[in-house]
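One structure is given below, encoded as structure tokens.
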Amino acid sequence: MPAATTFPGKWARTCATNFHSALSSIVFLFLDFLETLLCVIFRYLDEFFEGNPPHCYCDQKKRREQKLGEEEKNELSETLYGRKNVFRKMGFLGFARKFEECKKTSGGQLKNMNRWSDCICESCVSWTMNYDNKLHVVVKEPSQASVKDSTGNPIENVIFLHGFISSSSLWTETVFQNLSEPVKGNYRLISVDLLGFGKSPKPRDGLYTLREHLDMIEKSVICPFDLKYFHVVAHSMGCTIALAVAAKYAKSVKSVTLVAPLYLPSSKDEASFTVLNRLAERRLWPPLLFASSFMSWYEHLGRCVCFVICRNHRIWESTFKLLTRRREVHFMIMDLTKHTHHSAWHSMHNVICGGAKYVDDYLNTLIEYRIKMCVIQGDQDDVIPLECSINIKKKVPDAEVCIISNADHRTVILGREMEFTQSLERIWSSSSADTNTRWRNDVM
């Protein structure tokens, strides 16, 4: 009897799975065609508005990399060129390339710093007035006047790095608002807008590789503030960048706190596509996975979405205020539009996907230098697989892993700001004591 009861259920699930797979294949086949068509359309539009724009990643790899150095080529993610498209393989772009070759112009200079499909409002282009070309940072200085507290101890420094499609507001609107008095008096907190996001520069010729992100953090934070020792806190995509910072400055880092980090162990040759296929699998359900695959697999379709949403963000913000009858839009909604398609596309592929092949090396460095590592993730995270935290624990046995019940990718911080801040303060306090002991032992 039980077998007879369970058979219809299994059969129904099998049929539903097969139907979903077939429907997904049909939809993504159509999207492949649409992407190829938009590639041709954008070529003509970019030619008209910009003169001689850079090639998209539908082009052959050799054509795109002609002007890149060997180091830059190695830093590019394989997912930029390796995304399969049936119609591209069939040579549908051949006539567009021939037209482009006939219309080649000399010099190849770009007419504007911003693409015609990007927003040019004052807030979006304010970074062009930043002539020192540094990241936008928000600094909360310790309340005391001197750099040492009453006991003669130097102040502590903490660098905060946000995740994908976010900004420094993630930390200034949460952690900065819930600090205890001792931390307010003895800690300098530095929240960073990563390259390509928030109010930081968004160069249209940048590749947004891990090295570029790291160089900008050095230039904008570590060197100007003369940081000898510091803690690092990061969320989502920022975790990969935080590990790169910690590995390079292993002798200076006291602790690394990773919130919803990405770590899927695999060979370096397969790491990029392992991440892409896991985070952006070409499926229609669940909706968030479909949205991720849509924006990650299709360069030109994603650019259309950014054109509609990001370029016209002021209209959407005004509409949202009108519908909700609020004077201010929530910072998370504001952050959704504070990027260009170029910066988001390259950060997705060169940091999230391409950076995966370096994470093992970074973790090995942290193990070697015995840097305190803490991992925090929600048990209902629908963006980063929960197994990533488990994988880090296997790789770094001394790492502290805290799984928060009934929390997802965002609510692991939002909605529990006080509890989250208190956890950070405990980590900083204990790691400072552990670091002092470690340094004394190393000297002896």
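Please note that chains go A, B, ... in the order of the structure tokens, that every chain numbers its residues from 1, and that ligands are numbered from 1 in the order shown.
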Per residue of range 225-255 of chain A within 12 Å of range 407-418 of chain A, what are the shortest atom pair and its distance in Å to one decimal, counting only C-alpha atoms, with rows by chain and residue number, as JSON lines?
```
{"residue": "A:Ala234", "atom": "CA", "partner": "A:Ile413", "partner_atom": "CA", "distance": 11.4}
{"residue": "A:His235", "atom": "CA", "partner": "A:His409", "partner_atom": "CA", "distance": 9.2}
{"residue": "A:Ser236", "atom": "CA", "partner": "A:His409", "partner_atom": "CA", "distance": 8.2}
{"residue": "A:Met237", "atom": "CA", "partner": "A:His409", "partner_atom": "CA", "distance": 11.6}
```
Inset, instruction - Per DSSP on the backbone, filter range 97-345 of chain A down to the residues in strand (DSSP E or B) and report them as a PyMOL selection string. - result: chain A and resi 137-140+148+154+156-161+187-192+197+230-235+253-259+339
Mind writing the picked residues with C-alpha atoms as a compact mmCIF listing (two decimals), in the first residue's frame?
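This went into result-v1.txt:
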```
# COMPACT_ATOMS: atom_id res chain seq x y z
CA VAL A 137 34.68 56.08 1.53
CA VAL A 138 32.63 56.88 4.63
CA VAL A 139 34.76 57.14 7.75
CA LYS A 140 33.49 57.06 11.32
CA LYS A 148 45.25 56.29 21.66
CA PRO A 154 46.26 52.44 19.62
CA GLU A 156 41.50 49.75 15.98
CA ASN A 157 40.74 50.07 12.25
CA VAL A 158 37.98 48.18 10.44
CA ILE A 159 37.44 48.09 6.67
CA PHE A 160 33.92 47.25 5.44
CA LEU A 161 33.32 45.92 1.93
CA TYR A 187 37.55 52.17 16.59
CA ARG A 188 37.90 53.86 13.22
CA LEU A 189 35.34 52.35 10.83
CA ILE A 190 35.89 52.74 7.09
CA SER A 191 33.07 51.77 4.74
CA VAL A 192 33.99 51.62 1.06
CA PHE A 197 29.37 50.95 -7.39
CA PHE A 230 43.13 46.37 10.66
CA HIS A 231 40.09 44.10 10.65
CA VAL A 232 38.07 43.32 7.51
CA VAL A 233 34.31 42.77 7.29
CA ALA A 234 32.68 41.86 3.98
CA HIS A 235 29.39 40.68 2.53
CA VAL A 253 45.12 41.82 9.26
CA LYS A 254 43.79 40.98 12.71
CA SER A 255 40.54 39.30 11.68
CA VAL A 256 38.40 38.59 8.64
CA THR A 257 34.63 38.38 8.99
CA LEU A 258 32.85 36.98 5.94
CA VAL A 259 29.08 37.33 5.65
CA HIS A 339 26.18 51.22 -11.07
```
Legend entry - Non-local contacts of Asp361 in chain A (12 Å; only C-alpha atoms; under 4 positions in same chain excluded) as an NGL selection string: :A and (240 or 243-244 or 246-248 or 263 or 265 or 267-268 or 355-357 or 365-368 or 395)
I need the chosen residues saved as a PDB file, in the first residue's frame, with N, CA and C atoms.
```
ATOM      1  N   THR A 240      35.179  37.880  -1.470  1.00  0.00           N
ATOM      2  CA  THR A 240      36.293  37.485  -2.330  1.00  0.00           C
ATOM      3  C   THR A 240      37.358  38.570  -2.356  1.00  0.00           C
ATOM      4  N   LEU A 243      39.217  38.613   1.008  1.00  0.00           N
ATOM      5  CA  LEU A 243      40.240  37.568   1.098  1.00  0.00           C
ATOM      6  C   LEU A 243      41.493  37.966   0.333  1.00  0.00           C
ATOM      7  N   ALA A 244      41.318  38.644  -0.803  1.00  0.00           N
ATOM      8  CA  ALA A 244      42.470  39.131  -1.562  1.00  0.00           C
ATOM      9  C   ALA A 244      43.247  40.166  -0.764  1.00  0.00           C
ATOM     10  N   ALA A 246      43.232  40.469   2.575  1.00  0.00           N
ATOM     11  CA  ALA A 246      43.819  39.804   3.738  1.00  0.00           C
ATOM     12  C   ALA A 246      45.045  38.986   3.356  1.00  0.00           C
ATOM     13  N   ALA A 247      45.008  38.353   2.186  1.00  0.00           N
ATOM     14  CA  ALA A 247      46.150  37.539   1.758  1.00  0.00           C
ATOM     15  C   ALA A 247      47.363  38.416   1.463  1.00  0.00           C
ATOM     16  N   LYS A 248      47.126  39.580   0.868  1.00  0.00           N
ATOM     17  CA  LYS A 248      48.245  40.468   0.541  1.00  0.00           C
ATOM     18  C   LYS A 248      48.802  41.148   1.784  1.00  0.00           C
ATOM     19  N   TYR A 263      32.290  30.090  -1.784  1.00  0.00           N
ATOM     20  CA  TYR A 263      33.444  29.187  -1.877  1.00  0.00           C
ATOM     21  C   TYR A 263      32.965  27.821  -2.318  1.00  0.00           C
ATOM     22  N   PRO A 265      34.763  24.718  -3.922  1.00  0.00           N
ATOM     23  CA  PRO A 265      36.059  24.146  -4.314  1.00  0.00           C
ATOM     24  C   PRO A 265      35.987  23.428  -5.662  1.00  0.00           C
ATOM     25  N   SER A 267      38.797  22.787  -9.482  1.00  0.00           N
ATOM     26  CA  SER A 267      40.087  23.092 -10.101  1.00  0.00           C
ATOM     27  C   SER A 267      40.069  24.509 -10.663  1.00  0.00           C
ATOM     28  N   LYS A 268      41.239  25.111 -10.820  1.00  0.00           N
ATOM     29  CA  LYS A 268      41.307  26.480 -11.312  1.00  0.00           C
ATOM     30  C   LYS A 268      40.725  26.615 -12.712  1.00  0.00           C
ATOM     31  N   GLY A 355      37.167  35.272  -9.790  1.00  0.00           N
ATOM     32  CA  GLY A 355      37.904  35.281  -8.528  1.00  0.00           C
ATOM     33  C   GLY A 355      37.891  33.964  -7.799  1.00  0.00           C
ATOM     34  N   ALA A 356      36.949  33.069  -8.179  1.00  0.00           N
ATOM     35  CA  ALA A 356      36.819  31.782  -7.495  1.00  0.00           C
ATOM     36  C   ALA A 356      38.084  30.941  -7.606  1.00  0.00           C
ATOM     37  N   LYS A 357      38.855  31.124  -8.687  1.00  0.00           N
ATOM     38  CA  LYS A 357      40.050  30.298  -8.876  1.00  0.00           C
ATOM     39  C   LYS A 357      41.210  30.718  -7.971  1.00  0.00           C
ATOM     40  N   THR A 365      46.907  31.191   2.575  1.00  0.00           N
ATOM     41  CA  THR A 365      47.709  32.262   3.178  1.00  0.00           C
ATOM     42  C   THR A 365      47.192  32.611   4.558  1.00  0.00           C
ATOM     43  N   LEU A 366      45.868  32.704   4.696  1.00  0.00           N
ATOM     44  CA  LEU A 366      45.287  33.031   6.001  1.00  0.00           C
ATOM     45  C   LEU A 366      45.564  31.929   7.021  1.00  0.00           C
ATOM     46  N   ILE A 367      45.557  30.672   6.570  1.00  0.00           N
ATOM     47  CA  ILE A 367      45.884  29.562   7.466  1.00  0.00           C
ATOM     48  C   ILE A 367      47.332  29.653   7.911  1.00  0.00           C
ATOM     49  N   GLU A 368      48.217  29.960   6.969  1.00  0.00           N
ATOM     50  CA  GLU A 368      49.643  30.045   7.268  1.00  0.00           C
ATOM     51  C   GLU A 368      49.930  31.123   8.312  1.00  0.00           C
ATOM     52  N   LYS A 395      37.947  23.637   4.929  1.00  0.00           N
ATOM     53  CA  LYS A 395      39.238  24.132   4.465  1.00  0.00           C
ATOM     54  C   LYS A 395      40.023  24.774   5.597  1.00  0.00           C
TER      55      LYS A 395
END
```
Using only C-alpha atoms, tabulate the residues of range 264-363 of chain A lying at most 10 Å from any atom of range 69-75 of chain A, each with its closest atom pair and that distance in Å to one decimal, by chain and increasing residue number, as a Markdown table.
```
| residue | atom | partner | partner_atom | distance |
| --- | --- | --- | --- | --- |
| A:Asn350 | CA | A:Glu75 | CA | 7.2 |
| A:Val351 | CA | A:Glu75 | CA | 9.4 |
| A:Gly354 | CA | A:Glu75 | CA | 7.4 |
| A:Gly355 | CA | A:Glu75 | CA | 8.5 |
```
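Considering the residues A:Asn277, A:Tyr57, A:Leu301, A:Arg314 and counting only C-alpha atoms, Ile41 in chain A has its shortest atom-to-atom contact with A:Leu301.
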Legend entry - Nearest residue to Ala242 in chain A from the set A:Ile315, A:Asp335, A:Tyr362, A:Glu400 (distances using only C-alpha atoms): A:Tyr362
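Residue nearest Leu264 in chain A within the list A:Lys394, A:Lys338, A:Arg283, A:Arg426: A:Lys394 [criterion: smallest interatomic distance, only C-alpha atoms].
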Inset, instruction - Pick out each residue of range 140-389 of chain A that DSSP on the backbone tags as helix (DSSP H, G or I); I need them as a VMD selection string. - result: chain A and resid 169 to 172 175 to 177 181 to 186 210 to 222 237 to 248 271 to 279 287 to 297 299 to 309 313 to 324 331 to 335 341 to 368 387 to 389
For Gln377 in chain A, please output as a tab-separated table (two decimals) with N, CA, C and O atoms, in the first residue's frame all residues within 7 Å (counting only C-alpha atoms; exclusion window: fewer than 2 positions along the same chain).
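The result, stored in out.tsv:
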```tsv
chain	number	residue	atom	x	y	z
A	259	VAL	N	30.52	37.51	5.54
A	259	VAL	CA	29.08	37.33	5.65
A	259	VAL	C	28.56	36.81	4.31
A	259	VAL	O	28.66	37.49	3.29
A	260	ALA	N	28.04	35.61	4.31
A	260	ALA	CA	27.56	34.93	3.09
A	260	ALA	C	28.65	34.87	2.02
A	260	ALA	O	28.48	35.39	0.92
A	375	VAL	N	32.80	33.27	9.86
A	375	VAL	CA	31.85	33.20	8.76
A	375	VAL	C	30.44	33.26	9.33
A	375	VAL	O	30.11	32.54	10.28
A	379	ASP	N	20.53	30.52	7.24
A	379	ASP	CA	20.21	29.17	6.80
A	379	ASP	C	19.21	29.14	5.65
A	379	ASP	O	18.95	28.08	5.06
A	402	CYS	N	29.02	30.64	11.93
A	402	CYS	CA	27.76	30.88	12.64
A	402	CYS	C	26.62	30.90	11.63
A	402	CYS	O	26.59	31.77	10.75
A	403	ILE	N	25.71	29.96	11.74
A	403	ILE	CA	24.56	29.88	10.84
A	403	ILE	C	23.35	30.47	11.56
A	403	ILE	O	22.96	30.00	12.63
A	404	ILE	N	22.78	31.52	10.98
A	404	ILE	CA	21.66	32.23	11.60
A	404	ILE	C	20.34	31.63	11.12
A	404	ILE	O	20.09	31.53	9.92
A	412	VAL	N	20.31	38.42	7.01
A	412	VAL	CA	21.37	38.03	7.93
A	412	VAL	C	21.97	39.27	8.58
A	412	VAL	O	22.56	39.20	9.67
```
Inset, instruction - With a distance cut-off of 12 Å and only C-alpha atoms, select the neighbouring residues of Ser77 in chain A, excluding the residue or stretch itself and same-chain residues fewer than 6 positions from it, and output the selection as number ranges by chain. - result: A: 57, 61, 83, 207-210, 268-276, 345-358
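The space separating CA of Cys388 in chain A from CA of Ile376 in chain A comes to 10.8 Å.
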Inset, instruction - Please measure the separation of CA of Lys134 in chain A and CA of Lys219 in chain A, giving the value in Å to one decimal. - result: 6.9 Å
Legend entry - Residue with smallest distance to Gly163 in chain A - pool A:Trp116, A:Ile390, A:Gly196, A:Ser318, counting only C-alpha atoms: A:Gly196
Shell of 12 Å around Phe87 in chain A, only C-alpha atoms, local chain residues under 6 positions omitted, as a PDB file with N, CA and C atoms, in the first residue's frame:
```pdb
ATOM      1  N   PHE A  28      15.290  29.668 -22.989  1.00  0.00           N
ATOM      2  CA  PHE A  28      16.668  30.133 -23.117  1.00  0.00           C
ATOM      3  C   PHE A  28      17.175  30.056 -24.553  1.00  0.00           C
ATOM      4  N   LEU A  29      16.602  29.176 -25.353  1.00  0.00           N
ATOM      5  CA  LEU A  29      16.930  29.167 -26.775  1.00  0.00           C
ATOM      6  C   LEU A  29      16.439  30.466 -27.427  1.00  0.00           C
ATOM      7  N   PHE A  30      15.241  30.887 -27.055  1.00  0.00           N
ATOM      8  CA  PHE A  30      14.710  32.162 -27.553  1.00  0.00           C
ATOM      9  C   PHE A  30      15.565  33.329 -27.071  1.00  0.00           C
ATOM     10  N   LEU A  31      16.001  33.285 -25.812  1.00  0.00           N
ATOM     11  CA  LEU A  31      16.844  34.352 -25.277  1.00  0.00           C
ATOM     12  C   LEU A  31      18.204  34.378 -25.982  1.00  0.00           C
ATOM     13  N   ASP A  32      18.722  33.215 -26.354  1.00  0.00           N
ATOM     14  CA  ASP A  32      19.962  33.158 -27.132  1.00  0.00           C
ATOM     15  C   ASP A  32      19.803  33.917 -28.450  1.00  0.00           C
ATOM     16  N   PHE A  33      18.676  33.690 -29.110  1.00  0.00           N
ATOM     17  CA  PHE A  33      18.409  34.374 -30.378  1.00  0.00           C
ATOM     18  C   PHE A  33      18.266  35.881 -30.158  1.00  0.00           C
ATOM     19  N   LEU A  34      17.510  36.242 -29.132  1.00  0.00           N
ATOM     20  CA  LEU A  34      17.294  37.658 -28.834  1.00  0.00           C
ATOM     21  C   LEU A  34      18.605  38.352 -28.497  1.00  0.00           C
ATOM     22  N   GLU A  35      19.478  37.671 -27.763  1.00  0.00           N
ATOM     23  CA  GLU A  35      20.788  38.222 -27.409  1.00  0.00           C
ATOM     24  C   GLU A  35      21.617  38.473 -28.662  1.00  0.00           C
ATOM     25  N   THR A  36      21.596  37.539 -29.595  1.00  0.00           N
ATOM     26  CA  THR A  36      22.352  37.695 -30.842  1.00  0.00           C
ATOM     27  C   THR A  36      21.809  38.861 -31.659  1.00  0.00           C
ATOM     28  N   LEU A  37      20.489  38.994 -31.699  1.00  0.00           N
ATOM     29  CA  LEU A  37      19.867  40.103 -32.422  1.00  0.00           C
ATOM     30  C   LEU A  37      20.231  41.444 -31.794  1.00  0.00           C
ATOM     31  N   CYS A  39      22.830  42.100 -30.072  1.00  0.00           N
ATOM     32  CA  CYS A  39      24.252  42.368 -30.301  1.00  0.00           C
ATOM     33  C   CYS A  39      24.424  43.215 -31.559  1.00  0.00           C
ATOM     34  N   CYS A  58      30.692  39.037 -27.455  1.00  0.00           N
ATOM     35  CA  CYS A  58      30.230  38.127 -28.503  1.00  0.00           C
ATOM     36  C   CYS A  58      31.332  37.918 -29.531  1.00  0.00           C
ATOM     37  N   LEU A  93      26.563  36.547 -36.498  1.00  0.00           N
ATOM     38  CA  LEU A  93      27.174  37.865 -36.326  1.00  0.00           C
ATOM     39  C   LEU A  93      28.161  38.189 -37.442  1.00  0.00           C
ATOM     40  N   GLY A  94      28.310  37.309 -38.412  1.00  0.00           N
ATOM     41  CA  GLY A  94      29.313  37.511 -39.450  1.00  0.00           C
ATOM     42  C   GLY A  94      29.125  38.781 -40.244  1.00  0.00           C
TER      43      GLY A  94
END
```
Legend entry - Within 10 Å of Ser123 in chain A using only C-alpha atoms, minus same-chain residues under 3 positions, as a ChimeraX atom specification: /A:119-120,126-127,198-199,338
